[in-house]
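**Student:** Following this line is target.txt, made up of compact mmCIF, C-alpha atoms:
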```
# COMPACT_ATOMS: atom_id res chain seq x y z
CA MET A 152 15.64 -2.45 22.10
CA GLY A 153 16.13 -4.29 25.38
CA THR A 154 13.87 -5.13 28.28
CA SER A 155 14.78 -1.79 29.90
CA THR A 156 12.64 0.03 27.33
CA LYS A 157 10.56 2.64 29.12
CA LEU A 158 7.10 2.96 27.71
CA TYR A 159 4.72 5.85 28.16
CA THR A 160 2.78 5.67 31.45
CA LEU A 161 -0.97 6.27 31.71
CA ASP A 162 -0.45 8.45 34.80
CA LEU A 163 1.40 11.11 32.85
CA LYS A 164 -0.81 13.62 31.07
CA PRO A 165 1.40 16.18 29.37
CA SER A 166 -0.31 18.80 27.21
CA ILE A 167 2.41 18.28 24.61
CA PHE A 168 3.58 14.73 23.92
CA ASP A 169 7.07 14.11 22.56
CA GLY A 170 7.27 17.79 21.67
CA LYS A 171 5.11 17.13 18.59
CA TYR A 172 1.51 16.42 19.59
CA GLU A 173 -1.06 18.13 21.77
CA LEU A 174 -3.14 15.45 23.48
CA LEU A 175 -6.83 16.41 23.42
CA SER A 176 -8.66 13.36 24.78
CA SER A 177 -8.36 9.63 25.34
CA ILE A 178 -10.45 7.69 22.80
CA GLY A 179 -9.47 4.08 23.46
CA ARG A 180 -7.35 1.66 25.44
CA GLY A 181 -5.87 -1.75 24.88
CA LYS A 182 -3.82 -4.13 27.01
CA ASN A 183 -0.59 -2.29 26.34
CA SER A 184 -1.63 0.94 24.68
CA VAL A 185 -3.77 4.02 24.92
CA VAL A 186 -5.14 5.97 21.95
CA HIS A 187 -5.44 9.76 22.10
CA ARG A 188 -7.05 12.25 19.79
CA ALA A 189 -4.25 14.72 19.22
CA LEU A 190 -3.16 17.69 17.14
CA ARG A 191 0.20 17.95 15.42
CA VAL A 192 2.13 20.88 16.88
CA PRO A 193 3.99 22.76 14.12
CA GLU A 194 7.72 23.06 14.69
CA LYS A 195 9.31 26.48 14.76
CA ARG A 196 10.37 26.32 11.14
CA GLU A 197 6.87 25.24 10.02
CA ALA A 198 3.98 27.58 9.28
CA SER A 199 1.22 27.39 11.88
CA ASP A 200 -2.07 25.86 10.76
CA SER A 201 -5.10 27.42 12.45
CA SER A 202 -7.31 24.36 11.79
CA PRO A 203 -5.17 21.21 11.59
CA GLU A 204 -6.86 17.82 11.25
CA PRO A 205 -6.61 15.71 14.42
CA VAL A 206 -4.77 12.38 14.42
CA ALA A 207 -5.15 9.22 16.48
CA LEU A 208 -2.01 8.71 18.55
CA LYS A 209 -1.55 5.07 19.62
CA ILE A 210 0.98 5.09 22.47
CA LEU A 211 2.47 2.03 24.16
CA THR A 212 1.98 2.11 27.93
CA ASN A 213 4.01 0.65 30.77
CA THR A 214 3.68 -3.09 30.88
CA GLU A 215 5.32 -5.31 33.46
CA ARG A 216 5.06 -8.46 31.35
CA ARG A 217 7.13 -8.83 28.19
CA PRO A 218 7.50 -5.18 27.08
CA GLU A 219 9.54 -6.31 24.07
CA GLU A 220 6.56 -8.22 22.69
CA ALA A 221 4.37 -5.10 22.96
CA VAL A 222 6.99 -3.13 21.01
CA LYS A 223 7.21 -5.89 18.38
CA ARG A 224 3.45 -5.79 17.90
CA MET A 225 3.45 -2.06 17.28
CA GLN A 226 6.42 -2.45 14.98
CA LYS A 227 4.51 -5.14 13.09
CA GLU A 228 1.48 -2.85 12.79
CA ALA A 229 3.65 -0.03 11.44
CA ARG A 230 5.24 -2.35 8.86
CA ALA A 231 1.84 -3.59 7.71
CA LEU A 232 0.41 -0.10 7.33
CA VAL A 233 3.42 1.13 5.36
CA ALA A 234 2.68 -1.59 2.76
CA LEU A 235 -1.00 -0.65 2.47
CA ASN A 236 -2.70 2.23 0.69
CA HIS A 237 -6.46 1.83 0.31
CA PRO A 238 -9.59 3.92 1.05
CA ASN A 239 -10.88 1.21 3.39
CA VAL A 240 -7.67 0.77 5.40
CA ILE A 241 -6.64 3.22 8.12
CA LYS A 242 -3.71 5.47 7.15
CA SER A 243 -0.46 5.63 9.07
CA TYR A 244 1.43 8.94 9.26
CA ASN A 245 4.36 8.30 11.56
CA TYR A 246 6.01 5.61 13.70
CA VAL A 247 8.44 6.40 16.52
CA ALA A 248 10.28 3.83 18.62
CA ARG A 249 12.80 5.07 21.18
CA ARG A 250 13.93 3.97 24.61
CA ASP A 251 11.63 6.52 26.25
CA CYS A 252 8.52 6.10 24.07
CA CYS A 253 6.93 4.12 21.26
CA TYR A 254 3.90 5.31 19.30
CA LEU A 255 2.01 5.36 16.01
CA SER A 256 0.35 8.40 14.44
CA LEU A 257 -2.78 7.28 12.57
CA GLU A 258 -5.74 8.65 10.64
CA TYR A 259 -8.44 9.84 13.05
CA ALA A 260 -11.92 8.30 12.75
CA LYS A 261 -14.40 10.76 14.27
CA HIS A 262 -17.25 8.28 14.78
CA GLY A 263 -15.12 5.61 16.42
CA ASP A 264 -15.56 1.89 15.85
CA LEU A 265 -18.68 -0.03 14.83
CA ALA A 266 -19.13 -1.60 18.27
CA LYS A 267 -19.30 1.87 19.86
CA LEU A 268 -21.62 3.09 17.11
CA ILE A 269 -24.04 0.22 17.73
CA ASN A 270 -23.94 0.62 21.51
CA ASP A 271 -24.55 4.37 21.32
CA SER A 272 -27.33 4.16 18.71
CA PRO A 273 -28.76 0.63 18.38
CA GLN A 274 -31.15 1.64 15.58
CA CYS A 275 -28.68 3.60 13.45
CA ILE A 276 -27.46 0.75 11.23
CA SER A 277 -29.99 -0.63 8.76
CA ALA A 278 -29.56 -3.88 6.83
CA LYS A 279 -28.71 -1.88 3.71
CA SER A 280 -26.06 0.04 5.65
CA ALA A 281 -24.65 -3.25 6.94
CA VAL A 282 -24.35 -4.48 3.34
CA ARG A 283 -22.51 -1.26 2.43
CA ILE A 284 -20.16 -1.74 5.39
CA LEU A 285 -19.42 -5.36 4.46
CA ARG A 286 -18.73 -4.31 0.86
CA ALA A 287 -16.16 -1.79 2.13
CA VAL A 288 -14.59 -4.33 4.51
CA LEU A 289 -14.26 -6.90 1.72
CA SER A 290 -12.75 -4.26 -0.54
CA GLY A 291 -10.18 -3.43 2.14
CA LEU A 292 -9.48 -7.12 2.80
CA SER A 293 -8.92 -7.73 -0.90
CA HIS A 294 -6.17 -5.09 -0.85
CA ILE A 295 -4.70 -6.42 2.40
CA HIS A 296 -4.58 -9.99 1.11
CA SER A 297 -3.09 -8.90 -2.22
CA ASN A 298 -0.15 -7.57 -0.20
CA ASN A 299 0.31 -10.99 1.45
CA ILE A 300 -0.99 -9.80 4.82
CA ILE A 301 -3.55 -11.65 6.95
CA HIS A 302 -5.30 -9.39 9.46
CA ARG A 303 -6.31 -12.12 11.97
CA ASP A 304 -8.49 -9.82 14.10
CA ILE A 305 -11.37 -8.54 11.96
CA LYS A 306 -14.20 -7.52 14.30
CA LEU A 307 -16.59 -4.64 15.04
CA GLU A 308 -14.04 -2.94 17.31
CA ASN A 309 -11.42 -2.88 14.53
CA ILE A 310 -13.64 -1.31 11.88
CA LEU A 311 -13.72 2.48 12.16
CA VAL A 312 -16.00 5.17 10.73
CA THR A 313 -14.53 8.50 9.70
CA LYS A 314 -16.02 11.98 9.67
CA SER A 315 -17.10 11.47 6.04
CA LEU A 316 -18.59 8.03 6.95
CA GLU A 317 -15.84 6.05 5.24
CA ILE A 318 -15.24 2.54 6.56
CA LYS A 319 -11.66 1.79 7.66
CA ILE A 320 -10.06 -1.48 8.78
CA ALA A 321 -7.70 -0.79 11.68
CA ASP A 322 -5.44 -2.46 14.28
CA PHE A 323 -2.85 -4.60 12.52
CA SER A 324 -1.00 -5.51 15.72
CA ALA A 325 -2.00 -9.17 15.28
CA ALA A 326 -1.45 -9.23 11.51
CA GLN A 327 0.62 -11.90 9.83
CA LEU A 328 3.06 -10.53 7.26
CA GLU A 329 4.75 -12.49 4.51
CA SER A 330 8.15 -11.69 6.01
CA ASP A 331 7.22 -13.20 9.39
CA ASN A 332 9.11 -16.41 10.14
CA ALA A 333 6.79 -17.37 12.95
CA ASP A 334 3.73 -16.06 14.75
CA LEU A 335 3.96 -14.21 18.01
CA SER A 336 2.94 -16.29 21.02
CA LEU A 337 -0.62 -17.55 20.65
CA ALA A 338 -2.57 -17.16 23.87
CA ASN A 339 -5.00 -20.07 24.25
CA ASN A 340 -3.87 -21.33 20.81
CA PHE A 341 -5.53 -18.50 18.92
CA ILE A 342 -5.22 -14.78 18.18
CA GLY A 343 -8.19 -12.47 18.12
CA THR A 344 -11.64 -12.63 19.70
CA LEU A 345 -13.31 -16.00 20.29
CA GLU A 346 -16.65 -15.18 18.61
CA TYR A 347 -14.93 -14.15 15.36
CA VAL A 348 -12.24 -16.83 15.03
CA ALA A 349 -12.79 -19.44 12.31
CA PRO A 350 -13.34 -23.01 13.61
CA GLU A 351 -10.25 -24.41 11.87
CA CYS A 352 -8.05 -21.82 13.65
CA LEU A 353 -9.54 -22.86 16.99
CA ARG A 354 -8.40 -26.39 16.14
CA GLY A 355 -4.85 -25.15 15.52
CA VAL A 356 -4.90 -24.73 11.74
CA PRO A 357 -2.87 -21.62 10.66
CA TYR A 358 -4.78 -18.41 9.95
CA SER A 359 -5.46 -17.65 6.30
CA THR A 360 -7.30 -15.27 4.00
CA SER A 361 -10.28 -17.62 4.42
CA SER A 362 -10.28 -17.14 8.21
CA ASP A 363 -10.35 -13.36 7.65
CA LEU A 364 -13.43 -13.84 5.44
CA PHE A 365 -15.10 -15.90 8.18
CA ALA A 366 -14.48 -13.07 10.69
CA ALA A 367 -15.92 -10.56 8.20
CA GLY A 368 -19.00 -12.78 7.91
CA VAL A 369 -19.43 -12.85 11.70
CA THR A 370 -19.10 -9.04 11.77
CA PHE A 371 -21.78 -8.69 9.08
CA PHE A 372 -24.10 -11.15 10.84
CA LYS A 373 -23.76 -9.22 14.11
CA LEU A 374 -24.59 -5.97 12.30
CA ILE A 375 -27.79 -7.24 10.66
CA THR A 376 -29.16 -9.34 13.54
CA GLY A 377 -27.61 -7.98 16.74
CA PHE A 378 -26.41 -11.49 17.58
CA PHE A 379 -23.29 -13.55 16.97
CA PRO A 380 -23.99 -16.52 14.69
CA PHE A 381 -22.04 -18.84 17.02
CA GLU A 382 -21.54 -18.11 20.71
CA GLY A 383 -19.60 -20.52 22.88
CA LYS A 384 -18.27 -19.90 26.37
CA SER A 385 -15.13 -21.91 25.62
CA ILE A 386 -12.95 -22.78 22.64
CA SER A 387 -14.25 -26.36 22.50
CA GLN A 388 -17.88 -25.22 22.70
CA SER A 389 -17.29 -22.64 19.96
CA ILE A 390 -15.76 -25.30 17.72
CA ILE A 391 -18.87 -27.47 18.12
CA TYR A 392 -21.28 -24.61 17.39
CA LYS A 393 -19.28 -23.32 14.41
CA GLN A 394 -18.87 -26.81 12.98
CA LYS A 395 -22.64 -27.29 12.97
CA GLY A 396 -23.05 -24.07 11.00
CA ASP A 397 -26.64 -23.61 12.22
CA PHE A 398 -27.54 -19.92 12.44
CA SER A 399 -30.51 -19.52 10.09
CA LYS A 400 -32.99 -19.22 12.98
CA GLU A 401 -31.47 -15.82 13.80
CA LEU A 402 -32.37 -14.44 10.36
CA SER A 403 -35.75 -12.74 10.51
CA ASP A 404 -38.44 -13.26 7.87
CA GLN A 405 -38.12 -9.55 7.06
CA LEU A 406 -34.40 -9.94 6.30
CA LYS A 407 -35.05 -12.99 4.12
CA LYS A 408 -37.76 -11.07 2.28
CA GLU A 409 -35.56 -7.99 1.79
CA PHE A 410 -32.55 -10.08 0.73
CA PRO A 411 -33.75 -13.43 -0.70
CA GLY A 412 -30.18 -14.61 -1.33
CA LEU A 413 -28.86 -13.65 2.12
CA GLU A 414 -29.08 -17.06 3.75
CA ALA A 415 -27.26 -18.85 0.92
CA TYR A 416 -24.59 -16.11 0.93
CA LEU A 417 -23.99 -16.47 4.66
CA LEU A 418 -23.91 -20.26 4.41
CA THR A 419 -20.95 -19.85 2.08
CA LEU A 420 -19.18 -17.04 3.94
CA LEU A 421 -19.59 -18.76 7.33
CA SER A 422 -19.05 -22.33 6.20
CA PRO A 423 -17.19 -24.42 8.81
CA GLU A 424 -15.05 -25.77 5.97
CA PRO A 425 -12.53 -23.19 4.60
CA ASN A 426 -12.59 -24.68 1.10
CA ARG A 427 -16.36 -24.14 0.92
CA ARG A 428 -16.11 -20.40 1.58
CA PHE A 429 -15.54 -17.83 -1.13
CA GLY A 430 -12.14 -18.16 -2.73
CA SER A 431 -11.21 -14.53 -2.08
CA ALA A 432 -12.49 -11.25 -0.67
CA LYS A 433 -12.98 -10.06 -4.25
CA GLU A 434 -15.22 -13.05 -4.98
CA ALA A 435 -17.18 -12.52 -1.76
CA LYS A 436 -17.70 -8.85 -2.67
CA ALA A 437 -18.95 -9.76 -6.15
CA ALA A 438 -21.39 -12.32 -4.69
CA LEU A 439 -22.66 -9.73 -2.18
CA ALA A 440 -24.18 -7.79 -5.09
CA THR A 441 -26.58 -10.69 -5.75
CA ILE A 442 -28.09 -11.20 -2.27
CA ASN A 443 -31.20 -9.19 -3.16
CA GLU A 444 -31.93 -11.66 -5.96
CA LYS A 445 -33.84 -14.88 -5.53
CA PRO A 446 -31.28 -17.70 -5.19
CA LYS A 447 -31.05 -20.36 -7.87
CA THR A 448 -30.37 -22.95 -5.19
CA THR A 449 -32.32 -24.29 -2.27
CA VAL A 450 -30.93 -25.06 1.16
CA LYS A 451 -30.81 -28.77 1.91
CA HIS A 452 -30.45 -30.45 5.29
CA ASP A 453 -27.32 -30.94 7.35
CA THR A 454 -24.83 -33.31 5.68
CA ASN A 455 -21.65 -34.58 7.28
CA GLY A 456 -21.47 -31.78 9.82
CA TYR A 457 -22.21 -28.78 7.63
CA VAL A 458 -25.17 -27.15 5.95
CA LYS A 459 -24.77 -26.62 2.24
CA PRO A 460 -26.89 -25.28 -0.64
CA GLU A 461 -27.72 -27.80 -3.38
CA SER A 462 -29.20 -27.37 -6.84
CA VAL A 463 -32.96 -27.39 -7.31
CA GLU A 464 -34.33 -30.74 -8.50
CA MET A 465 -34.54 -30.25 -12.26
CA ALA A 466 -37.07 -33.04 -12.75
CA ILE A 467 -39.73 -31.06 -10.87
CA ASN A 468 -39.12 -28.00 -13.02
CA ILE A 469 -39.24 -30.08 -16.22
CA ARG A 470 -42.55 -31.66 -15.20
CA LYS A 471 -43.99 -28.21 -14.47
CA ARG A 472 -42.84 -26.85 -17.82
CA ASN A 473 -44.23 -29.88 -19.70
CA SER A 474 -47.54 -29.58 -17.89
CA ASN A 475 -47.84 -25.92 -18.89
CA LYS A 476 -47.03 -26.78 -22.53
CA LEU A 477 -49.78 -29.46 -22.61
CA LYS A 478 -52.30 -26.97 -21.28
CA ASP A 479 -51.33 -24.48 -24.01
CA ILE A 480 -51.69 -27.13 -26.74
CA GLU A 481 -55.06 -28.21 -25.36
CA MET A 482 -56.41 -24.63 -25.38
CA LEU A 483 -55.12 -24.14 -28.95
CA ALA A 484 -56.88 -27.32 -30.13
CA ILE A 485 -60.19 -26.29 -28.54
CA THR A 486 -59.98 -22.84 -30.14
CA PHE A 487 -59.18 -24.34 -33.55
CA ALA A 488 -62.07 -26.85 -33.33
CA GLY A 489 -64.52 -24.11 -32.37
CA THR A 490 -63.42 -21.95 -35.29
CA MET A 491 -63.85 -24.84 -37.72
CA LEU A 492 -67.39 -25.58 -36.48
CA ILE A 493 -68.42 -21.96 -36.98
CA PHE A 494 -66.90 -21.95 -40.47
CA LEU A 495 -68.72 -25.19 -41.44
CA GLY A 496 -72.02 -23.81 -40.14
CA VAL A 497 -71.72 -20.66 -42.22
CA PHE A 498 -70.72 -22.71 -45.29
CA TYR A 499 -73.68 -25.12 -44.85
CA ASN A 500 -76.19 -22.25 -44.53
CA ALA A 501 -74.84 -20.58 -47.66
CA LEU A 502 -75.00 -23.85 -49.62
CA GLU A 503 -78.55 -24.53 -48.45
CA LYS A 504 -79.74 -21.08 -49.61
CA TYR A 505 -78.12 -21.57 -52.97
CA TYR A 506 -79.99 -24.80 -53.72
CA LEU A 507 -83.34 -23.52 -52.41
CA ARG A 508 -83.36 -20.46 -54.73
```
Using structure tokens, write down the structure that the file contains.

**Tutor:**
Amino acid sequence: MGTSTKLYTLDLKPSIFDGKYELLSSIGRGKNSVVHRALRVPEKREASDSSPEPVALKILTNTERRPEEAVKRMQKEARALVALNHPNVIKSYNYVARRDCCYLSLEYAKHGDLAKLINDSPQCISAKSAVRILRAVLSGLSHIHSNNIIHRDIKLENILVTKSLEIKIADFSAAQLESDNADLSLANNFIGTLEYVAPECLRGVPYSTSSDLFAAGVTFFKLITGFFPFEGKSISQSIIYKQKGDFSKELSDQLKKEFPGLEAYLLTLLSPEPNRRFGSAKEAKAALATINEKPKTTVKHDTNGYVKPESVEMAINIRKRNSNKLKDIEMLAITFAGTMLIFLGVFYNALEKYYLR
């Protein structure tokens, strides 16, 4: 496919697209694409369906700069989705790439993405719902990573909610596949959205499964607090903030009370050091089940540029346990002594009466 590839233009609004889809409404736009809610039009030899399910039609639009790269990105997304089959990953139905048009037919998510959901109804997502969403995202990521794919752009806008309230990871246009020899061009030395990118990737370290976990952690934090854990206006500023790892002030007392292990969990998931995060999405999902339990560790102060949980000082616990044992022994001795005095008194009285008869 050469540079003369003609991509679909936004100005054209045909009722039937490519002879196969009826375009109903525009539901999203990107730099080089537009997404329509559409209905599959049955061909003459097919039986007509009176109530077909809509699809999301992602269509490449005219782009003056590097149209081949836009086509490669959609091709990459199609390849990634073909390899994946999971309840928490968006489904792909069809991919078409011709000289006159290039598009993807995808599963339609009625409620849109999480960013839209939050903006439309700020109070609709509770902390418990956010935990459920993260669990689904981690489940989807586990499947993605097991297929040797790194998403590289996990964020609120790329997590969709279907009609049946299922959570779906979408948009694999920036994904890194095992078969890739090299990344596509990296604008500003990183792919994705600044607030979600792991600090090591901002420093030029290649993206990894660990950087996807970091982005999932940022997404979760934004859901439960309404804020990003690290917000910098530039790449260098973001690196500094993320390297410090200081976000605990944004966690409300209510959140800490509802989920006693939340802070320790986030300290691991959002650690500035990749090797201190969870080893896999599966491990992070398993640990998520314990955040409503009181942690067995306490959070210590900043050490060498990162905040880490350390074990509770055992000596304090031992002293407390020993102190309690001493108190128990003391009470037992007092009780025993009192019983003996009563017994001796009764015995003495009985003996005295015997001799005085």

**Student:** Select, from A:Ile310, A:Ile318, A:Ile305, A:Ile167, the residue with the minimum atom-to-atom distance to A:Tyr347, counting only C-alpha atoms.

**Tutor:**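 The answer is A:Ile305, which sits nearest to A:Tyr347.
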
**Student:** Taking into account only C-alpha atoms, which residue in the set A:Thr370, A:Ser256, A:Val356, A:Val240 is nearest to A:Val312?

**Tutor:** A:Val240

**Student:** Taking (-9.9, -12.8, -0.3) in the file's coordinates, which residues come within 6 Å, counting all atoms listed in the file, written as a VMD selection string?

**Tutor:** chain A and resid 293 360 431 to 433

**Student:** Here is a test: counting only C-alpha atoms, which residue of A:Ala248, A:Leu292, A:Leu257, A:Leu364 is nearest to A:Arg427?

**Tutor:**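 Of A:Ala248, A:Leu292, A:Leu257, A:Leu364, the one nearest A:Arg427 is A:Leu364, counting only C-alpha atoms.
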
**Student:** Can you measure atom CA of A:Lys182 to atom CA of A:Thr212 for me? One decimal in Å is fine.

**Tutor:**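 Separation between atom CA of A:Lys182 and atom CA of A:Thr212: 8.6 Å.
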
**Student:** Determine the nearest neighbour of A:Ser243 from the options A:Leu268, A:Ile493, A:Leu289, A:Leu208, counting all atoms listed in the file.

**Tutor:**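 For A:Ser243, the nearest of the given residues is A:Leu208.
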
**Student:** Pull the neighbourhood of (0.7, 0.2, 9.2) for me: all residues within 9 Å in file coordinates, counting all atoms listed in the file, as an mmCIF file with C-alpha atoms, in the coordinates of the input.

**Tutor:**
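As a result, out.cif now contains:
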```cif
data_model
loop_
_atom_site.group_PDB
_atom_site.id
_atom_site.type_symbol
_atom_site.label_atom_id
_atom_site.label_comp_id
_atom_site.auth_asym_id
_atom_site.auth_seq_id
_atom_site.Cartn_x
_atom_site.Cartn_y
_atom_site.Cartn_z
ATOM 1 C CA MET A 225 3.450 -2.060 17.280
ATOM 2 C CA GLN A 226 6.420 -2.450 14.980
ATOM 3 C CA LYS A 227 4.510 -5.140 13.090
ATOM 4 C CA GLU A 228 1.480 -2.850 12.790
ATOM 5 C CA ALA A 229 3.650 -0.030 11.440
ATOM 6 C CA ARG A 230 5.240 -2.350 8.860
ATOM 7 C CA ALA A 231 1.840 -3.590 7.710
ATOM 8 C CA LEU A 232 0.410 -0.100 7.330
ATOM 9 C CA VAL A 233 3.420 1.130 5.360
ATOM 10 C CA ALA A 234 2.680 -1.590 2.760
ATOM 11 C CA LEU A 235 -1.000 -0.650 2.470
ATOM 12 C CA ILE A 241 -6.640 3.220 8.120
ATOM 13 C CA LYS A 242 -3.710 5.470 7.150
ATOM 14 C CA SER A 243 -0.460 5.630 9.070
ATOM 15 C CA TYR A 244 1.430 8.940 9.260
ATOM 16 C CA TYR A 246 6.010 5.610 13.700
ATOM 17 C CA LEU A 255 2.010 5.360 16.010
ATOM 18 C CA LEU A 257 -2.780 7.280 12.570
ATOM 19 C CA ALA A 321 -7.700 -0.790 11.680
ATOM 20 C CA ASP A 322 -5.440 -2.460 14.280
ATOM 21 C CA PHE A 323 -2.850 -4.600 12.520
ATOM 22 C CA SER A 324 -1.000 -5.510 15.720
#
```

**Student:** To one decimal in Å, tell me the separation between atom CA of A:Lys407 and atom CA of A:Gly291.

**Tutor:**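 Atom CA of A:Gly291 lies 26.7 Å from atom CA of A:Lys407.
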
**Student:** Extract, using all atoms listed in the file, all DNA, RNA and protein residues at most 6 Å from A:Gly412, discarding same-chain residues fewer than 4 positions from it, and format them as a ChimeraX atom specification.

**Tutor:** /A:442-446

**Student:** I'd like the neighbourhood of A:Lys279 as a list in words, where a residue qualifies if any of its atoms comes within 12 Å (using all atoms listed in the file), though same-chain residues fewer than 5 positions away should be ignored.

**Tutor:**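 Selected residues are Ile284, Leu285, Arg286, Phe371, Leu374, Ile375, Leu406, Glu409, Phe410, Leu413, Leu439, Ala440, Ile442 and Asn443 of chain A.
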
**Student:** Export C-alpha atoms of the chosen residues as a compact mmCIF listing (two decimals), in the frame of the given file?

**Tutor:**
```
# COMPACT_ATOMS: atom_id res chain seq x y z
CA ILE A 284 -20.16 -1.74 5.39
CA LEU A 285 -19.42 -5.36 4.46
CA ARG A 286 -18.73 -4.31 0.86
CA PHE A 371 -21.78 -8.69 9.08
CA LEU A 374 -24.59 -5.97 12.30
CA ILE A 375 -27.79 -7.24 10.66
CA LEU A 406 -34.40 -9.94 6.30
CA GLU A 409 -35.56 -7.99 1.79
CA PHE A 410 -32.55 -10.08 0.73
CA LEU A 413 -28.86 -13.65 2.12
CA LEU A 439 -22.66 -9.73 -2.18
CA ALA A 440 -24.18 -7.79 -5.09
CA ILE A 442 -28.09 -11.20 -2.27
CA ASN A 443 -31.20 -9.19 -3.16
```

**Student:** Check the smallest atom-to-atom distance from each of A:Thr313, A:Thr441, A:Glu351, A:Pro380 to A:Asn426 using all atoms listed in the file, then report the winner.

**Tutor:**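 Residue with the minimum atom-to-atom distance to A:Asn426: A:Glu351.
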
**Student:** Taking into account all atoms listed in the file, which residue in the set A:Cys252, A:Val192, A:Ala278, A:Ile178 is nearest to A:Ile210?

**Tutor:** A:Cys252

**Student:** Mind giving me the straight-line distance from atom CA of A:Arg354 to atom CA of A:Pro425 in Å, one decimal?

**Tutor:**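 Atom CA of A:Pro425 lies at a distance of 12.7 Å from atom CA of A:Arg354.
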